[in-house]
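**Q** Next comes upload.txt, compact mmCIF, C-alpha atoms:
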```txt
# COMPACT_ATOMS: atom_id res chain seq x y z
CA MET A 1 1.19 -33.81 22.44
CA CYS A 2 -1.64 -31.36 21.63
CA TRP A 3 -0.61 -28.25 19.75
CA VAL A 4 -1.49 -24.71 20.83
CA THR A 5 -3.89 -22.85 18.53
CA VAL A 6 -4.16 -19.06 18.34
CA GLN A 7 -6.90 -17.67 16.10
CA SER A 8 -8.91 -14.57 15.31
CA ALA A 9 -11.01 -12.99 12.56
CA VAL A 10 -12.04 -9.32 12.37
CA GLN A 11 -14.49 -7.43 10.20
CA GLY A 12 -12.82 -5.35 7.48
CA ARG A 13 -13.36 -1.62 6.99
CA GLY A 14 -15.31 -2.23 3.78
CA HIS A 15 -17.78 -4.59 5.42
CA LEU A 16 -18.01 -2.36 8.48
CA SER A 17 -19.16 0.58 6.36
CA SER A 18 -21.64 -1.52 4.36
CA GLY A 19 -22.99 -3.39 7.39
CA THR A 20 -21.87 -6.75 5.98
CA PRO A 21 -20.95 -9.40 8.59
CA CYS A 22 -17.37 -10.63 8.84
CA GLN A 23 -17.09 -13.35 6.19
CA ASP A 24 -13.80 -14.79 7.47
CA LYS A 25 -14.20 -17.70 9.88
CA THR A 26 -11.75 -19.85 11.85
CA PHE A 27 -12.13 -23.01 13.88
CA SER A 28 -9.96 -25.60 15.65
CA VAL A 29 -10.38 -29.02 17.25
CA ILE A 30 -8.21 -31.29 19.39
CA LYS A 31 -9.39 -34.90 19.58
CA ASP A 32 -7.72 -38.28 20.06
CA GLY A 33 -4.23 -36.82 19.73
CA CYS A 34 -5.08 -34.93 16.54
CA SER A 35 -4.86 -31.13 16.37
CA VAL A 36 -6.74 -29.45 13.50
CA CYS A 37 -7.22 -25.82 12.55
CA ALA A 38 -9.10 -24.31 9.62
CA LEU A 39 -9.82 -20.94 8.03
CA ALA A 40 -12.34 -19.95 5.37
CA ASP A 41 -12.91 -16.65 3.58
CA GLY A 42 -16.48 -16.23 2.41
CA ALA A 43 -16.97 -14.94 -1.14
CA GLY A 44 -17.78 -11.24 -1.17
CA SER A 45 -20.33 -11.81 -3.93
CA ALA A 46 -22.18 -14.49 -1.94
CA SER A 47 -24.87 -13.15 0.38
CA LEU A 48 -24.63 -15.94 2.96
CA SER A 49 -20.96 -16.84 2.61
CA HIS A 50 -20.31 -16.17 6.30
CA PHE A 51 -22.60 -19.10 7.10
CA GLY A 52 -20.86 -21.24 4.49
CA ALA A 53 -17.39 -20.35 5.81
CA GLU A 54 -18.40 -21.20 9.36
CA ALA A 55 -19.92 -24.51 8.28
CA VAL A 56 -16.94 -25.72 6.25
CA THR A 57 -14.35 -24.88 8.94
CA GLN A 58 -16.28 -26.76 11.61
CA THR A 59 -17.06 -29.67 9.30
CA ILE A 60 -13.51 -30.19 8.06
CA CYS A 61 -11.98 -29.91 11.53
CA ASN A 62 -14.29 -32.58 12.91
CA PHE A 63 -13.80 -34.77 9.83
CA MET A 64 -10.00 -34.61 10.02
CA ALA A 65 -9.92 -35.24 13.77
CA GLU A 66 -11.89 -38.44 13.18
CA ASN A 67 -10.33 -39.50 9.87
CA PHE A 68 -6.71 -38.36 10.03
CA ASP A 69 -5.37 -41.92 9.74
CA PHE A 70 -7.38 -42.54 6.55
CA VAL A 71 -6.22 -39.28 4.95
CA ILE A 72 -2.53 -39.69 5.86
CA ASN A 73 -2.37 -43.35 4.80
CA GLU A 74 -4.45 -43.22 1.60
CA GLU A 75 -2.01 -43.14 -1.34
CA ASP A 76 -4.64 -42.04 -3.87
CA GLY A 77 -4.56 -38.25 -3.53
CA VAL A 78 -7.54 -37.78 -5.85
CA ALA A 79 -9.64 -40.09 -3.69
CA VAL A 80 -8.75 -38.03 -0.60
CA LYS A 81 -9.64 -34.77 -2.35
CA GLN A 82 -12.93 -36.23 -3.53
CA ARG A 83 -13.76 -37.39 -0.01
CA ILE A 84 -12.98 -33.97 1.49
CA LEU A 85 -15.12 -32.17 -1.09
CA GLU A 86 -17.88 -34.75 -0.58
CA VAL A 87 -17.95 -34.14 3.18
CA VAL A 88 -17.90 -30.37 2.74
CA GLY A 89 -20.53 -30.56 -0.03
CA GLN A 90 -22.88 -32.63 2.10
CA ARG A 91 -22.75 -30.06 4.89
CA LEU A 92 -23.28 -27.16 2.48
CA ASN A 93 -26.22 -28.90 0.81
CA ALA A 94 -27.80 -29.43 4.22
CA LEU A 95 -27.22 -25.75 4.99
CA CYS A 96 -28.88 -24.80 1.69
CA ALA A 97 -31.98 -26.65 2.82
CA GLU A 98 -31.88 -24.92 6.21
CA ARG A 99 -31.40 -21.45 4.75
CA GLY A 100 -33.44 -21.84 1.58
CA CYS A 101 -30.55 -20.72 -0.59
CA SER A 102 -28.32 -22.00 -3.40
CA LEU A 103 -24.78 -23.40 -3.08
CA LYS A 104 -23.23 -20.29 -4.63
CA ASP A 105 -24.67 -18.21 -1.76
CA LEU A 106 -22.41 -20.18 0.64
CA ALA A 107 -19.18 -20.02 -1.38
CA SER A 108 -15.87 -19.70 0.49
CA THR A 109 -12.22 -20.66 0.33
CA LEU A 110 -10.85 -23.34 2.67
CA LEU A 111 -7.47 -23.76 4.32
CA PHE A 112 -6.69 -26.35 6.97
CA VAL A 113 -3.83 -28.13 8.74
CA ALA A 114 -4.06 -31.34 10.76
CA VAL A 115 -1.27 -32.79 12.89
CA LYS A 116 -1.01 -36.16 14.62
CA ALA A 117 1.77 -38.52 15.72
CA GLY A 118 4.57 -36.67 13.97
CA LYS A 119 2.72 -36.30 10.65
CA PHE A 120 0.77 -33.46 9.01
CA VAL A 121 -1.87 -32.86 6.36
CA ILE A 122 -2.31 -29.51 4.60
CA CYS A 123 -5.20 -28.67 2.28
CA HIS A 124 -5.83 -25.42 0.41
CA ILE A 125 -8.67 -24.28 -1.85
CA GLY A 126 -8.59 -20.68 -3.11
CA ASP A 127 -6.59 -17.66 -2.04
CA GLY A 128 -4.95 -17.01 1.30
CA VAL A 129 -1.59 -18.41 2.43
CA ILE A 130 -0.44 -21.40 4.48
CA GLY A 131 3.01 -21.23 6.07
CA TYR A 132 5.10 -23.27 8.46
CA PHE A 133 7.80 -22.63 11.06
CA LYS A 134 10.96 -24.72 10.81
CA ASN A 135 14.37 -24.20 12.40
CA GLY A 136 13.61 -20.57 13.22
CA GLU A 137 12.35 -19.67 9.72
CA VAL A 138 8.83 -18.96 8.47
CA LEU A 139 8.36 -20.60 5.06
CA VAL A 140 5.46 -20.87 2.60
CA ALA A 141 3.75 -24.24 2.26
CA SER A 142 0.98 -23.11 -0.10
CA HIS A 143 0.66 -19.88 -2.08
CA PRO A 144 -2.66 -18.21 -3.02
CA GLU A 145 -4.68 -19.83 -5.80
CA ASN A 146 -6.41 -17.18 -7.90
CA GLY A 147 -9.01 -17.65 -10.59
CA GLU A 148 -8.86 -17.03 -14.31
CA PHE A 149 -9.52 -13.30 -13.97
CA ALA A 150 -8.11 -10.57 -11.71
CA ASN A 151 -9.44 -10.45 -8.15
CA THR A 152 -11.09 -13.87 -8.47
CA THR A 153 -10.33 -17.14 -6.75
CA VAL A 154 -11.56 -20.72 -6.38
CA PHE A 155 -14.17 -21.74 -3.81
CA THR A 156 -15.33 -24.98 -2.22
CA THR A 157 -18.43 -24.70 -4.40
CA SER A 158 -16.52 -24.11 -7.68
CA ASN A 159 -16.77 -26.70 -10.45
CA ASN A 160 -12.97 -26.76 -10.71
CA ALA A 161 -12.34 -27.00 -6.96
CA ILE A 162 -10.74 -30.45 -7.14
CA ALA A 163 -8.42 -29.40 -9.98
CA SER A 164 -6.94 -26.46 -8.08
CA MET A 165 -7.14 -28.03 -4.61
CA LYS A 166 -3.73 -28.54 -3.02
CA LEU A 167 -3.14 -31.50 -0.69
CA ILE A 168 0.22 -31.89 1.08
CA LYS A 169 1.12 -34.71 3.46
CA GLY A 170 4.34 -35.56 5.25
CA ASN A 171 6.42 -35.98 8.39
CA LEU A 172 6.84 -33.03 10.72
CA ASN A 173 10.57 -33.54 11.28
CA GLN A 174 11.70 -30.09 12.49
CA ILE A 175 8.40 -28.27 11.74
CA SER A 176 7.09 -26.73 14.96
CA GLY A 177 4.28 -24.50 13.73
CA PHE A 178 1.80 -23.65 10.97
CA VAL A 179 0.00 -20.44 10.03
CA LEU A 180 -3.15 -19.89 7.93
CA MET A 181 -4.22 -16.45 6.76
CA SER A 182 -6.92 -14.97 4.54
CA ASP A 183 -6.13 -12.63 1.65
CA GLY A 184 -6.93 -9.67 3.91
CA SER A 185 -4.04 -10.56 6.20
CA GLU A 186 -1.80 -11.33 3.21
CA ASN A 187 -1.27 -7.61 2.70
CA SER A 188 0.62 -7.37 5.98
CA PHE A 189 2.40 -10.71 6.18
CA TYR A 190 2.95 -11.96 2.62
CA ASN A 191 5.18 -10.38 -0.01
CA LYS A 192 3.42 -11.11 -3.30
CA ARG A 193 6.38 -10.07 -5.43
CA ASN A 194 8.91 -12.32 -3.69
CA LYS A 195 6.31 -14.85 -2.51
CA VAL A 196 7.66 -14.98 1.04
CA LEU A 197 6.13 -14.55 4.49
CA SER A 198 7.17 -11.87 6.94
CA PRO A 199 9.94 -12.90 9.38
CA SER A 200 7.92 -11.11 12.10
CA LEU A 201 5.70 -14.20 12.29
CA ALA A 202 8.60 -16.09 13.87
CA ARG A 203 8.13 -14.23 17.15
CA LEU A 204 4.43 -15.13 17.19
CA PHE A 205 5.32 -18.81 16.87
CA LYS A 206 7.85 -18.57 19.70
CA LEU A 207 5.44 -16.71 21.97
CA ALA A 208 2.67 -19.20 21.24
CA SER A 209 4.94 -22.06 22.34
CA VAL A 210 5.16 -20.70 25.91
CA CYS A 211 2.29 -18.24 26.41
CA ASP A 212 -1.33 -18.69 27.42
CA GLY A 213 -3.52 -19.43 24.38
CA ALA A 214 -6.36 -17.06 25.33
CA PHE A 215 -3.88 -14.25 25.93
CA MET A 216 -2.26 -14.88 22.54
CA SER A 217 -5.62 -14.96 20.73
CA GLN A 218 -6.58 -11.62 22.28
CA GLY A 219 -3.21 -10.18 21.28
CA LEU A 220 -3.67 -11.46 17.73
CA ARG A 221 -7.14 -9.92 17.59
CA ASP A 222 -5.77 -6.58 18.76
CA ALA A 223 -3.05 -6.72 16.09
CA LEU A 224 -5.56 -7.53 13.33
CA GLU A 225 -7.96 -4.85 14.56
CA ASN A 226 -5.47 -2.04 15.14
CA CYS A 227 -2.77 -2.66 12.54
CA VAL A 228 -3.46 -5.28 9.89
CA LYS A 229 -6.91 -4.17 8.76
CA ARG A 230 -5.66 -0.63 8.22
CA LYS A 231 -3.84 -1.88 5.13
CA THR A 232 -6.94 -3.35 3.49
CA THR A 233 -10.70 -2.96 3.29
CA ASP A 234 -11.17 -6.74 3.45
CA ASP A 235 -11.86 -8.91 6.48
CA CYS A 236 -8.69 -10.17 8.15
CA SER A 237 -8.13 -13.53 9.80
CA MET A 238 -5.29 -15.75 10.94
CA VAL A 239 -4.81 -19.09 12.66
CA LEU A 240 -1.47 -20.02 14.17
CA MET A 241 -0.80 -23.51 15.46
CA SER A 242 2.37 -24.03 17.46
CA GLN A 243 4.02 -27.01 19.12
CA PRO A 244 4.20 -26.26 22.86
CA ALA A 245 7.58 -26.00 24.53
CA ASN A 246 8.80 -29.06 26.38
CA GLY A 247 9.32 -29.44 30.11
CA ARG A 248 8.66 -26.27 32.08
CA GLY A 249 8.39 -24.07 29.01
CA PHE A 250 10.12 -20.71 29.40
CA ALA A 251 11.95 -21.86 32.53
CA ASP A 252 13.75 -24.60 30.58
CA LEU A 253 14.88 -22.39 27.68
CA ALA A 254 18.55 -21.60 27.21
CA ASP A 255 19.65 -18.19 28.50
CA THR A 256 20.17 -16.96 24.94
CA ASP A 257 16.55 -17.84 24.05
CA LYS A 258 15.26 -16.20 27.24
CA CYS A 259 17.05 -12.98 26.30
CA GLU A 260 15.44 -13.14 22.87
CA PHE A 261 11.98 -13.58 24.40
CA LEU A 262 12.58 -10.62 26.72
CA ARG A 263 14.02 -8.56 23.87
CA LEU A 264 17.25 -8.10 25.76
CA PRO A 265 20.68 -8.01 24.13
CA ASP A 266 22.44 -11.36 24.44
CA THR A 267 25.17 -10.10 26.75
CA ARG A 268 26.67 -11.25 30.03
CA ALA A 269 24.93 -8.37 31.82
CA SER A 270 21.53 -9.39 30.43
CA ARG A 271 22.02 -13.01 31.43
CA LYS A 272 22.76 -11.89 34.99
CA ARG A 273 19.38 -10.10 35.04
CA LEU A 274 17.42 -13.19 33.98
CA LYS A 275 16.97 -14.43 37.56
CA SER A 276 15.00 -11.27 38.42
CA PHE A 277 12.70 -11.73 35.44
CA GLU A 278 12.12 -15.38 36.30
CA ASP A 279 11.36 -14.50 39.92
CA ALA A 280 8.83 -11.88 38.79
CA LEU A 281 7.13 -14.27 36.35
CA ASP A 282 6.95 -16.93 39.05
CA ALA A 283 5.46 -14.47 41.56
CA LEU A 284 2.84 -13.44 39.00
CA ARG A 285 1.53 -16.88 38.12
CA SER A 286 -1.82 -15.68 39.45
CA TRP A 287 -3.35 -12.20 39.36
CA SER A 288 -1.59 -9.91 41.81
CA SER A 289 -1.59 -6.23 42.70
CA TYR A 290 1.62 -4.21 42.40
CA ARG A 291 1.92 -3.96 46.17
CA ALA A 292 1.39 -7.70 46.73
CA ALA A 293 3.96 -8.60 44.06
CA LYS A 294 6.53 -6.25 45.53
CA ARG A 295 5.95 -7.65 49.01
CA ARG A 296 6.24 -11.22 47.76
CA LEU A 297 9.51 -10.48 45.95
CA HIS A 298 11.02 -8.40 48.78
CA TRP A 299 12.21 -5.81 46.27
CA ARG A 300 12.89 -2.18 47.04
CA GLY A 301 12.94 0.93 44.90
CA LYS A 302 11.91 0.92 41.22
CA LYS A 303 13.19 -2.55 40.36
CA LEU A 304 9.71 -4.03 39.96
CA ASP A 305 8.67 -1.09 37.77
CA ARG A 306 11.57 -1.75 35.40
CA ILE A 307 10.88 -5.48 35.29
CA LEU A 308 7.15 -5.00 34.62
CA ALA A 309 7.85 -2.48 31.86
CA CYS A 310 10.22 -4.91 30.16
CA LEU A 311 7.82 -7.84 30.47
CA GLY A 312 5.03 -5.70 29.01
CA LYS A 313 7.11 -4.74 25.96
CA ALA A 314 8.01 -8.39 25.47
CA ASN A 315 4.30 -9.40 25.50
CA LEU A 316 4.86 -11.67 28.49
CA LEU A 317 2.62 -9.77 30.92
CA GLN A 318 -1.16 -9.46 31.25
CA VAL A 319 -2.55 -6.28 32.81
CA ARG A 320 -6.10 -6.02 34.12
CA GLU A 321 -8.22 -2.85 34.29
CA ASP A 322 -7.91 -2.78 38.07
CA GLY A 323 -4.12 -2.56 37.75
CA CYS A 324 -3.37 -6.17 38.66
CA TYR A 325 -0.72 -8.17 36.81
CA LYS A 326 -0.35 -11.79 35.72
CA SER A 327 2.30 -13.66 33.79
CA ALA A 328 1.28 -14.44 30.20
CA LEU A 329 3.21 -17.70 30.34
CA ARG A 330 1.21 -20.90 30.11
CA ALA A 331 1.29 -23.14 33.17
CA PHE A 332 3.73 -26.03 32.73
CA LEU A 333 4.08 -29.06 34.94
```
Taking this structure as input, can you express it in the form of structure tokens?
**A**
Amino acid sequence: MCWVTVQSAVQGRGHLSSGTPCQDKTFSVIKDGCSVCALADGAGSASLSHFGAEAVTQTICNFMAENFDFVINEEDGVAVKQRILEVVGQRLNALCAERGCSLKDLASTLLFVAVKAGKFVICHIGDGVIGYFKNGEVLVASHPENGEFANTTVFTTSNNAIASMKLIKGNLNQISGFVLMSDGSENSFYNKRNKVLSPSLARLFKLASVCDGAFMSQGLRDALENCVKRKTTDDCSMVLMSQPANGRGFADLADTDKCEFLRLPDTRASRKRLKSFEDALDALRSWSSYRAAKRRLHWRGKKLDRILACLGKANLLQVREDGCYKSALRAFL
């Protein structure tokens, strides 16, 4: 089963004012049953780090998609780390030749997660955070790795990269999602004092399991742009990878879970209203005007208005500029 990936990176206020490109980059690949996502934060001191960050995310995603079995089965962790750094180094050296620059000009962090056949691989070089979603909780898999001095970190091009590089492998068991974030997004979602991730991420995982990926990525971008980057001057990026819901997705959830998605109290009265919400979501599987939806549902009065307002607040409704509506739920067979 291929996992759903939601990703976005936005230019920070500091780089916007200086005219510096966004140095955070994300990438994802699905190939031969393997789902891979990666994030890299280019070094602020490196003039071409945005090119380096883009290169390493693409390179490692393609490498892991093609070599997952080798990485997961190789018992020598040092050999795996060396191979990963070798692959990344080869791509960066080639980029140096293309750009006429030095390796330090392409420096970046690197975070990635690969999943296949009930197993996972996590790798982390530098700052940023990697978390996972298990049994309704968002937990930290890998904390930020900072350098010897304040406000410094380790990069893929650092001499000590292999020493600080974290490699974690295992069985998924009850893990149903992973999240990668740069240090810019840390300020909003990671408590540095208690070293825990925000519980608010749990809703993102749940939404990603049933909602359209493009819709979720746009919503994530809006959140980074309008909320997260206000708390920092740095670029902000995040990648969220979620296991899709089984069966018919939202339609097969228990009534209690549906109420949670719709942000309704879990009461008998709310459960009685679920049929109306399901009918509306079914009628809006394709773009539809308000009038057409009301005619299709045979509803009178303001019932549709109330349902649409609730779906909008629950982030389960897409609204186009021309006033048409469409369910944000992903199509399930």
**Q** Residues within 9 Å of A:Ala280, please, as a PyMOL selection string. Count all atoms listed in the file; anything in the same chain fewer than 5 positions from it doesn't count.
**A** chain A and resi 275+285+293+297+304+307-308+327
**Q** Can you tell me how far atom CA of A:Arg99 sits from atom CA of A:Leu48, in Å to one decimal?
**A**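 We find that atom CA of A:Arg99 and atom CA of A:Leu48 lie 8.9 Å from each other.
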**Q** Which residues are near stretch 187-200 of chain A? Cut-off 10 Å, only C-alpha atoms, ignore same chain within fewer than 6 positions. Put them as a list of chain:residue names.
**A** A:Gly128, A:Val129, A:Ile130, A:Gly131, A:Tyr132, A:Gly136, A:Glu137, A:Val138, A:Leu139, A:Val140, A:His143, A:Pro144, A:Met181, A:Leu224, A:Cys227, A:Val228, A:Lys229, A:Arg230, A:Lys231, A:Thr232, A:Asp234, A:Cys236
**Q** So, counting all atoms listed in the file, which residue among A:Gln11, A:Thr153, A:Ser18, A:Met165 is closest to A:Ile84?
**A** A:Met165
**Q** For each of A:Arg268, A:Arg291, A:Lys25, A:Lys116, take the minimum atom-to-atom distance to A:His50, counting only C-alpha atoms, then give the residue where this is smallest.
**A**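 For A:His50, the nearest of the candidates is A:Lys25.
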**Q** Extract, using only C-alpha atoms, all DNA, RNA and protein residues at most 8 Å from A:Gln82, discarding same-chain residues fewer than 4 positions from it, and format them as JSON, numbers by chain.
**A** {"A": [78, 86, 162]}
**Q** Give me a file of those residues, with C-alpha atoms, as a short mmCIF file (atom, residue, chain, number, x, y, z; two decimals), keeping the file's coordinate frame.
**A**
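Below is the file out.cif, written as the result:
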```cif
data_model
loop_
_atom_site.label_atom_id
_atom_site.label_comp_id
_atom_site.auth_asym_id
_atom_site.auth_seq_id
_atom_site.Cartn_x
_atom_site.Cartn_y
_atom_site.Cartn_z
CA VAL A 78 -7.54 -37.78 -5.85
CA GLU A 86 -17.88 -34.75 -0.58
CA ILE A 162 -10.74 -30.45 -7.14
#
```
**Q** May I ask which of the residues A:Phe133, A:Phe261, A:Phe70, A:Trp3 is the closest one to A:Ser176, counting all atoms listed in the file?
**A**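 Residue with the minimum atom-to-atom distance to A:Ser176: A:Phe133.
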**Q** Padding of 5 Å on every side, edges along x, y and z, all listed atoms of stretch 6-22 of chain A included: what centre and edge lengths in Å, to one decimal, does that box have, as JSON?
**A**
```
{"center_x": -13.6, "center_y": -9.2, "center_z": 11.1, "size_x": 28.8, "size_y": 29.6, "size_z": 24.6}
```
**Q** When you count only C-alpha atoms, which of these residues is closest to A:Leu281: A:Ile125, A:Cys61, A:Leu207, A:Ala251?
**A**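 Between A:Ile125, A:Cys61, A:Leu207, A:Ala251, the residue approaching A:Leu281 most closely is A:Ala251.
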**Q** What does stretch 27-55 of chain A look like written to a file with N, CA and C atoms, as a short mmCIF file (atom, residue, chain, number, x, y, z; two decimals), in the first residue's frame?
**A**
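The new file out.cif reads:
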```cif
data_model
loop_
_atom_site.label_atom_id
_atom_site.label_comp_id
_atom_site.auth_asym_id
_atom_site.auth_seq_id
_atom_site.Cartn_x
_atom_site.Cartn_y
_atom_site.Cartn_z
N PHE A 27 10.99 16.56 -1.00
CA PHE A 27 10.79 15.70 -2.18
C PHE A 27 10.22 14.37 -1.70
N SER A 28 9.52 13.67 -2.60
CA SER A 28 8.98 12.34 -2.26
C SER A 28 8.91 11.48 -3.51
N VAL A 29 8.97 10.17 -3.29
CA VAL A 29 8.94 9.20 -4.40
C VAL A 29 8.16 7.97 -3.94
N ILE A 30 7.39 7.41 -4.85
CA ILE A 30 6.74 6.11 -4.63
C ILE A 30 7.14 5.21 -5.79
N LYS A 31 7.79 4.09 -5.47
CA LYS A 31 8.28 3.20 -6.53
C LYS A 31 8.40 1.78 -6.00
N ASP A 32 7.86 0.83 -6.75
CA ASP A 32 7.99 -0.59 -6.41
C ASP A 32 7.56 -0.88 -4.97
N GLY A 33 6.46 -0.27 -4.54
CA GLY A 33 5.94 -0.52 -3.20
C GLY A 33 6.66 0.21 -2.09
N CYS A 34 7.61 1.06 -2.44
CA CYS A 34 8.38 1.82 -1.44
C CYS A 34 7.97 3.29 -1.48
N SER A 35 7.62 3.84 -0.33
CA SER A 35 7.28 5.27 -0.22
C SER A 35 8.40 5.97 0.53
N VAL A 36 8.95 7.04 -0.07
CA VAL A 36 10.07 7.76 0.52
C VAL A 36 9.78 9.25 0.51
N CYS A 37 10.12 9.92 1.61
CA CYS A 37 10.02 11.38 1.64
C CYS A 37 11.28 11.94 2.28
N ALA A 38 11.68 13.13 1.86
CA ALA A 38 12.91 13.73 2.37
C ALA A 38 12.75 15.24 2.49
N LEU A 39 13.54 15.80 3.40
CA LEU A 39 13.57 17.25 3.63
C LEU A 39 15.00 17.66 3.88
N ALA A 40 15.40 18.81 3.34
CA ALA A 40 16.74 19.34 3.59
C ALA A 40 16.66 20.84 3.79
N ASP A 41 17.44 21.33 4.74
CA ASP A 41 17.50 22.75 5.07
C ASP A 41 18.88 23.25 4.69
N GLY A 42 18.94 24.05 3.63
CA GLY A 42 20.23 24.57 3.18
C GLY A 42 20.87 25.49 4.20
N ALA A 43 22.19 25.41 4.33
CA ALA A 43 22.92 26.25 5.28
C ALA A 43 22.79 27.72 4.90
N GLY A 44 22.45 28.54 5.88
CA GLY A 44 22.30 29.98 5.61
C GLY A 44 23.57 30.63 5.16
N SER A 45 24.71 30.07 5.57
CA SER A 45 26.02 30.64 5.22
C SER A 45 26.52 30.17 3.86
N ALA A 46 25.80 29.24 3.23
CA ALA A 46 26.22 28.69 1.95
C ALA A 46 25.43 29.31 0.81
N SER A 47 26.10 29.93 -0.13
CA SER A 47 25.45 30.73 -1.16
C SER A 47 24.55 29.93 -2.10
N LEU A 48 24.87 28.66 -2.30
CA LEU A 48 24.09 27.84 -3.24
C LEU A 48 23.43 26.65 -2.54
N SER A 49 23.16 26.81 -1.25
CA SER A 49 22.65 25.67 -0.48
C SER A 49 21.27 25.23 -0.93
N HIS A 50 20.51 26.14 -1.57
CA HIS A 50 19.19 25.72 -2.06
C HIS A 50 19.32 24.70 -3.18
N PHE A 51 20.39 24.81 -3.97
CA PHE A 51 20.64 23.80 -5.00
C PHE A 51 21.09 22.49 -4.37
N GLY A 52 21.93 22.60 -3.33
CA GLY A 52 22.39 21.41 -2.64
C GLY A 52 21.25 20.67 -1.96
N ALA A 53 20.36 21.42 -1.30
CA ALA A 53 19.23 20.81 -0.60
C ALA A 53 18.30 20.10 -1.58
N GLU A 54 18.07 20.72 -2.71
CA GLU A 54 17.22 20.10 -3.72
C GLU A 54 17.85 18.82 -4.26
N ALA A 55 19.15 18.87 -4.48
CA ALA A 55 19.85 17.71 -5.04
C ALA A 55 19.85 16.53 -4.08
#
```
